[in-house]
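See below for start04.pdb, which holds PDB, C-alpha atoms, pLDDT in the B column.
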```pdb
ATOM      1  CA  LEU A  13      85.987  86.744 101.110  1.00 92.00           C
ATOM      2  CA  ARG A  14      86.463  83.032 100.673  1.00 95.00           C
ATOM      3  CA  ALA A  15      86.738  83.379  96.893  1.00 96.00           C
ATOM      4  CA  ALA A  16      89.627  85.819  97.277  1.00 96.00           C
ATOM      5  CA  GLN A  17      91.367  83.487  99.701  1.00 96.00           C
ATOM      6  CA  LEU A  18      90.941  80.545  97.341  1.00 96.00           C
ATOM      7  CA  LEU A  19      92.369  82.521  94.426  1.00 97.00           C
ATOM      8  CA  ALA A  20      95.481  83.239  96.477  1.00 96.00           C
ATOM      9  CA  LYS A  21      95.739  79.631  97.590  1.00 95.00           C
ATOM     10  CA  THR A  22      95.670  78.443  93.980  1.00 96.00           C
ATOM     11  CA  GLY A  23      98.492  80.849  93.099  1.00 95.00           C
ATOM     12  CA  ASP A  24      96.464  83.646  91.517  1.00 97.00           C
ATOM     13  CA  ALA A  25      97.690  86.489  93.733  1.00 96.00           C
ATOM     14  CA  ASP A  26      96.668  89.147  91.212  1.00 97.00           C
ATOM     15  CA  GLY A  27      93.131  87.752  91.021  1.00 97.00           C
ATOM     16  CA  ALA A  28      92.973  87.559  94.799  1.00 97.00           C
ATOM     17  CA  ALA A  29      94.095  91.176  95.108  1.00 97.00           C
ATOM     18  CA  VAL A  30      91.378  92.279  92.685  1.00 97.00           C
ATOM     19  CA  ALA A  31      88.778  90.254  94.602  1.00 98.00           C
ATOM     20  CA  PHE A  32      89.887  91.805  97.905  1.00 98.00           C
ATOM     21  CA  ASP A  33      89.838  95.272  96.319  1.00 97.00           C
ATOM     22  CA  ASP A  34      86.252  94.707  95.174  1.00 97.00           C
ATOM     23  CA  LEU A  35      85.229  93.377  98.574  1.00 97.00           C
ATOM     24  CA  ILE A  36      86.791  96.313 100.417  1.00 97.00           C
ATOM     25  CA  ALA A  37      85.240  98.792  97.972  1.00 97.00           C
ATOM     26  CA  ARG A  38      81.790  97.352  98.729  1.00 97.00           C
ATOM     27  CA  ASN A  39      82.416  97.241 102.504  1.00 95.00           C
ATOM     28  CA  PRO A  40      84.980  99.960 103.296  1.00 92.00           C
ATOM     29  CA  ASP A  41      84.146 100.056 107.012  1.00 92.00           C
ATOM     30  CA  GLU A  42      84.741  96.344 107.693  1.00 95.00           C
ATOM     31  CA  PRO A  43      88.187  96.010 109.327  1.00 95.00           C
ATOM     32  CA  LYS A  44      88.157  92.215 109.023  1.00 96.00           C
ATOM     33  CA  PHE A  45      88.490  92.460 105.242  1.00 97.00           C
ATOM     34  CA  PHE A  46      91.676  94.540 105.448  1.00 97.00           C
ATOM     35  CA  VAL A  47      93.245  92.159 107.959  1.00 97.00           C
ATOM     36  CA  THR A  48      92.257  89.077 105.969  1.00 97.00           C
ATOM     37  CA  ALA A  49      93.614  90.580 102.745  1.00 98.00           C
ATOM     38  CA  ILE A  50      96.950  91.333 104.407  1.00 98.00           C
ATOM     39  CA  GLU A  51      97.197  87.898 106.018  1.00 97.00           C
ATOM     40  CA  THR A  52      96.316  86.167 102.766  1.00 97.00           C
ATOM     41  CA  MET A  53      98.902  88.104 100.780  1.00 97.00           C
ATOM     42  CA  LEU A  54     101.545  87.405 103.418  1.00 97.00           C
ATOM     43  CA  SER A  55     100.735  83.702 103.253  1.00 95.00           C
ATOM     44  CA  ALA A  56     101.041  83.842  99.468  1.00 95.00           C
ATOM     45  CA  LYS A  57     104.466  85.499  99.831  1.00 96.00           C
ATOM     46  CA  GLN A  58     103.182  88.674  98.134  1.00 96.00           C
ATOM     47  CA  GLY A  59     104.891  91.305 100.272  1.00 96.00           C
ATOM     48  CA  ALA A  60     104.148  94.280  98.025  1.00 96.00           C
ATOM     49  CA  LYS A  61     100.440  93.469  97.825  1.00 97.00           C
ATOM     50  CA  ALA A  62     100.266  92.843 101.583  1.00 97.00           C
ATOM     51  CA  ALA A  63     102.005  96.164 102.249  1.00 97.00           C
ATOM     52  CA  ALA A  64      99.547  97.979  99.977  1.00 97.00           C
ATOM     53  CA  PHE A  65      96.556  96.520 101.834  1.00 98.00           C
ATOM     54  CA  ALA A  66      98.241  97.336 105.154  1.00 98.00           C
ATOM     55  CA  ASP A  67      98.713 100.964 104.109  1.00 97.00           C
ATOM     56  CA  ARG A  68      95.081 101.240 103.026  1.00 97.00           C
ATOM     57  CA  GLY A  69      93.883  99.570 106.224  1.00 97.00           C
ATOM     58  CA  SER A  70      96.035 101.838 108.351  1.00 97.00           C
ATOM     59  CA  ALA A  71      94.689 104.930 106.593  1.00 97.00           C
ATOM     60  CA  LYS A  72      91.118 103.724 107.102  1.00 96.00           C
ATOM     61  CA  ALA A  73      91.865 102.987 110.764  1.00 97.00           C
ATOM     62  CA  LYS A  74      93.175 106.513 111.313  1.00 96.00           C
ATOM     63  CA  GLU A  75      90.136 107.941 109.532  1.00 96.00           C
ATOM     64  CA  THR A  76      87.710 105.997 111.737  1.00 95.00           C
ATOM     65  CA  GLY A  77      89.738 106.032 114.959  1.00 96.00           C
ATOM     66  CA  ASN A  78      90.078 102.234 115.059  1.00 96.00           C
ATOM     67  CA  ARG A  79      93.303 101.769 117.035  1.00 96.00           C
ATOM     68  CA  ASP A  80      93.142  97.968 116.960  1.00 96.00           C
ATOM     69  CA  LEU A  81      93.013  97.936 113.169  1.00 96.00           C
ATOM     70  CA  GLU A  82      95.746 100.547 112.951  1.00 97.00           C
ATOM     71  CA  ALA A  83      98.077  98.507 115.182  1.00 97.00           C
ATOM     72  CA  ALA A  84      97.368  95.294 113.283  1.00 97.00           C
ATOM     73  CA  CYS A  85      97.952  96.952 109.912  1.00 97.00           C
ATOM     74  CA  GLN A  86     101.188  98.562 111.048  1.00 97.00           C
ATOM     75  CA  GLU A  87     102.521  95.297 112.459  1.00 97.00           C
ATOM     76  CA  MET A  88     101.640  93.251 109.391  1.00 97.00           C
ATOM     77  CA  GLY A  89     102.788  96.052 107.088  1.00 97.00           C
ATOM     78  CA  GLU A  90     106.246  95.911 108.658  1.00 97.00           C
ATOM     79  CA  ALA A  91     106.359  92.160 108.102  1.00 96.00           C
ATOM     80  CA  ALA A  92     105.293  92.663 104.488  1.00 96.00           C
ATOM     81  CA  ARG A  93     107.982  95.268 103.854  1.00 96.00           C
ATOM     82  CA  LYS A  94     110.631  92.878 105.200  1.00 95.00           C
ATOM     83  CA  MET A  95     109.364  90.250 102.766  1.00 88.00           C
ATOM     84  CA  LYS A  96     110.005  92.375  99.653  1.00 59.00           C
TER      85      LYS A  96
END
```
Write the structure described by the file as structure tokens, please.
Amino acid sequence: LRAAQLLAKTGDADGAAVAFDDLIARNPDEPKFFVTAIETMLSAKQGAKAAAFADRGSAKAKETGNRDLEAACQEMGEAARKMK
């Protein structure tokens, strides 16, 4: 998780996105990883990447019935779409 955040902080948004993708693939039921990926991409001004993670997180939330994750993903996804 920290490695992905550091990649984004150093300006490697594509590398960070790949690292978050790998992390989420290994731990698909961990809502924290979706939220952190979205927040990190928003901070890096990567609206399209943040929106993609928000959509995936929202879909996972609906699948698992996690309303907190769904609300967070929808809220941050809207912010990401405004950033584009």
Near A:Lys44, within 12 Å and counting all atoms listed in the file, which residues show up once chain neighbours fewer than 2 positions away are dropped, as a ChimeraX atom specification?
/A:13,32,35-36,39-42,46-52,65-66,69,73,78,80-82,84-85
Identify, on the basis of all atoms listed in the file, every residue whose closest approach to A:Asp26 does not exceed 10 Å; exclude the query and any residue fewer than 5 positions from it along the same chain; express the result as an MDAnalysis selection string.
chainID A and resid 16 19:20 31:32 53 58 61
Let me see the file: selected residues, C-alpha atoms, as a CSV table (one decimal), keeping the file's coordinate frame.
```
chain,number,residue,atom,x,y,z
A,16,ALA,CA,89.6,85.8,97.3
A,19,LEU,CA,92.4,82.5,94.4
A,20,ALA,CA,95.5,83.2,96.5
A,31,ALA,CA,88.8,90.3,94.6
A,32,PHE,CA,89.9,91.8,97.9
A,53,MET,CA,98.9,88.1,100.8
A,58,GLN,CA,103.2,88.7,98.1
A,61,LYS,CA,100.4,93.5,97.8
```
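Contact shell of A:Ala60 at 12 Å (all atoms listed in the file; same-chain neighbours under 5 positions omitted): Ala25, Asp26, Ala29, Ile50, Met53, Leu54, Phe65, Ala66, Asp67, Met88, Gly89, Glu90, Ala91, Ala92, Arg93, Lys94, Met95 and Lys96 of chain A.
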Enter the distance from atom CA of A:Ser70 to atom CA of A:Val30, in Å, rounded to one decimal.
18.9 Å
Find, counting all atoms listed in the file, the residue in A:Ala56, A:Ala28, A:Ala83, A:Leu18 that gets nearest to A:Ala71.
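Nearest to A:Ala71: A:Ala83.
Nearest residue to A:Ser55, choosing from A:Glu87, A:Gly23, A:Pro43, A:Arg14 and counting all atoms listed in the file: A:Gly23.
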Padding of 6 Å on every side, edges along x, y and z, all listed atoms of stretch 42-47 of chain A included: what centre and edge lengths in Å, to one decimal, does that box have, as AutoDock Vina command-line options?
```
--center_x 89.0 --center_y 94.3 --center_z 107.3 --size_x 20.5 --size_y 16.2 --size_z 16.1
```
The distance between atom CA of A:Arg38 and atom CA of A:Gly59 is 23.9 Å
re atom CA of A:Ala64 and atom CA of A:Phe45: distance 13.4 Å
When you get a chance, write out all heavy atoms for stretch 19-30 of chain A, as a PDB file, in the coordinates of the input.
```pdb
ATOM      1  N   LEU A  19      91.554  82.075  95.559  1.00 97.00           N
ATOM      2  CA  LEU A  19      92.369  82.521  94.426  1.00 97.00           C
ATOM      3  C   LEU A  19      93.842  82.596  94.829  1.00 97.00           C
ATOM      4  O   LEU A  19      94.723  82.144  94.100  1.00 97.00           O
ATOM      5  CB  LEU A  19      91.892  83.877  93.905  1.00 97.00           C
ATOM      6  CG  LEU A  19      90.619  83.859  93.072  1.00 97.00           C
ATOM      7  CD1 LEU A  19      90.092  85.273  92.877  1.00 97.00           C
ATOM      8  CD2 LEU A  19      90.875  83.197  91.729  1.00 97.00           C
ATOM      9  N   ALA A  20      94.099  83.140  96.000  1.00 96.00           N
ATOM     10  CA  ALA A  20      95.481  83.239  96.477  1.00 96.00           C
ATOM     11  C   ALA A  20      96.068  81.851  96.720  1.00 96.00           C
ATOM     12  O   ALA A  20      97.223  81.592  96.377  1.00 96.00           O
ATOM     13  CB  ALA A  20      95.541  84.067  97.752  1.00 96.00           C
ATOM     14  N   LYS A  21      95.264  80.986  97.283  1.00 95.00           N
ATOM     15  CA  LYS A  21      95.739  79.631  97.590  1.00 95.00           C
ATOM     16  C   LYS A  21      96.090  78.857  96.322  1.00 95.00           C
ATOM     17  O   LYS A  21      97.005  78.037  96.326  1.00 95.00           O
ATOM     18  CB  LYS A  21      94.669  78.884  98.385  1.00 95.00           C
ATOM     19  CG  LYS A  21      95.151  77.605  98.989  1.00 95.00           C
ATOM     20  CD  LYS A  21      94.126  77.022  99.938  1.00 95.00           C
ATOM     21  CE  LYS A  21      94.707  75.834 100.657  1.00 95.00           C
ATOM     22  NZ  LYS A  21      93.820  75.346 101.699  1.00 95.00           N
ATOM     23  N   THR A  22      95.391  79.129  95.239  1.00 96.00           N
ATOM     24  CA  THR A  22      95.670  78.443  93.980  1.00 96.00           C
ATOM     25  C   THR A  22      96.790  79.124  93.190  1.00 96.00           C
ATOM     26  O   THR A  22      97.106  78.689  92.084  1.00 96.00           O
ATOM     27  CB  THR A  22      94.415  78.352  93.093  1.00 96.00           C
ATOM     28  OG1 THR A  22      93.962  79.671  92.791  1.00 96.00           O
ATOM     29  CG2 THR A  22      93.320  77.557  93.768  1.00 96.00           C
ATOM     30  N   GLY A  23      97.366  80.184  93.742  1.00 95.00           N
ATOM     31  CA  GLY A  23      98.492  80.849  93.099  1.00 95.00           C
ATOM     32  C   GLY A  23      98.140  82.074  92.289  1.00 95.00           C
ATOM     33  O   GLY A  23      99.013  82.679  91.670  1.00 95.00           O
ATOM     34  N   ASP A  24      96.887  82.465  92.276  1.00 97.00           N
ATOM     35  CA  ASP A  24      96.464  83.646  91.517  1.00 97.00           C
ATOM     36  C   ASP A  24      96.421  84.861  92.453  1.00 97.00           C
ATOM     37  O   ASP A  24      95.353  85.335  92.837  1.00 97.00           O
ATOM     38  CB  ASP A  24      95.100  83.406  90.871  1.00 97.00           C
ATOM     39  CG  ASP A  24      94.663  84.544  89.956  1.00 97.00           C
ATOM     40  OD1 ASP A  24      95.435  85.510  89.782  1.00 97.00           O
ATOM     41  OD2 ASP A  24      93.542  84.456  89.428  1.00 97.00           O
ATOM     42  N   ALA A  25      97.602  85.360  92.801  1.00 96.00           N
ATOM     43  CA  ALA A  25      97.690  86.489  93.733  1.00 96.00           C
ATOM     44  C   ALA A  25      97.072  87.749  93.147  1.00 96.00           C
ATOM     45  O   ALA A  25      96.439  88.527  93.870  1.00 96.00           O
ATOM     46  CB  ALA A  25      99.135  86.741  94.124  1.00 96.00           C
ATOM     47  N   ASP A  26      97.249  87.956  91.845  1.00 97.00           N
ATOM     48  CA  ASP A  26      96.668  89.147  91.212  1.00 97.00           C
ATOM     49  C   ASP A  26      95.148  89.083  91.257  1.00 97.00           C
ATOM     50  O   ASP A  26      94.479  90.076  91.565  1.00 97.00           O
ATOM     51  CB  ASP A  26      97.146  89.286  89.770  1.00 97.00           C
ATOM     52  CG  ASP A  26      98.623  89.631  89.673  1.00 97.00           C
ATOM     53  OD1 ASP A  26      99.153  90.243  90.624  1.00 97.00           O
ATOM     54  OD2 ASP A  26      99.235  89.279  88.657  1.00 97.00           O
ATOM     55  N   GLY A  27      94.582  87.933  90.951  1.00 97.00           N
ATOM     56  CA  GLY A  27      93.131  87.752  91.021  1.00 97.00           C
ATOM     57  C   GLY A  27      92.612  87.924  92.432  1.00 97.00           C
ATOM     58  O   GLY A  27      91.557  88.520  92.654  1.00 97.00           O
ATOM     59  N   ALA A  28      93.366  87.411  93.395  1.00 97.00           N
ATOM     60  CA  ALA A  28      92.973  87.559  94.799  1.00 97.00           C
ATOM     61  C   ALA A  28      92.986  89.027  95.208  1.00 97.00           C
ATOM     62  O   ALA A  28      92.075  89.498  95.898  1.00 97.00           O
ATOM     63  CB  ALA A  28      93.907  86.749  95.693  1.00 97.00           C
ATOM     64  N   ALA A  29      94.006  89.752  94.767  1.00 97.00           N
ATOM     65  CA  ALA A  29      94.095  91.176  95.108  1.00 97.00           C
ATOM     66  C   ALA A  29      92.914  91.943  94.535  1.00 97.00           C
ATOM     67  O   ALA A  29      92.324  92.803  95.209  1.00 97.00           O
ATOM     68  CB  ALA A  29      95.409  91.760  94.601  1.00 97.00           C
ATOM     69  N   VAL A  30      92.540  91.621  93.306  1.00 97.00           N
ATOM     70  CA  VAL A  30      91.378  92.279  92.685  1.00 97.00           C
ATOM     71  C   VAL A  30      90.110  91.932  93.460  1.00 97.00           C
ATOM     72  O   VAL A  30      89.274  92.808  93.732  1.00 97.00           O
ATOM     73  CB  VAL A  30      91.251  91.867  91.199  1.00 97.00           C
ATOM     74  CG1 VAL A  30      89.917  92.308  90.618  1.00 97.00           C
ATOM     75  CG2 VAL A  30      92.397  92.445  90.393  1.00 97.00           C
TER      76      VAL A  30
END
```
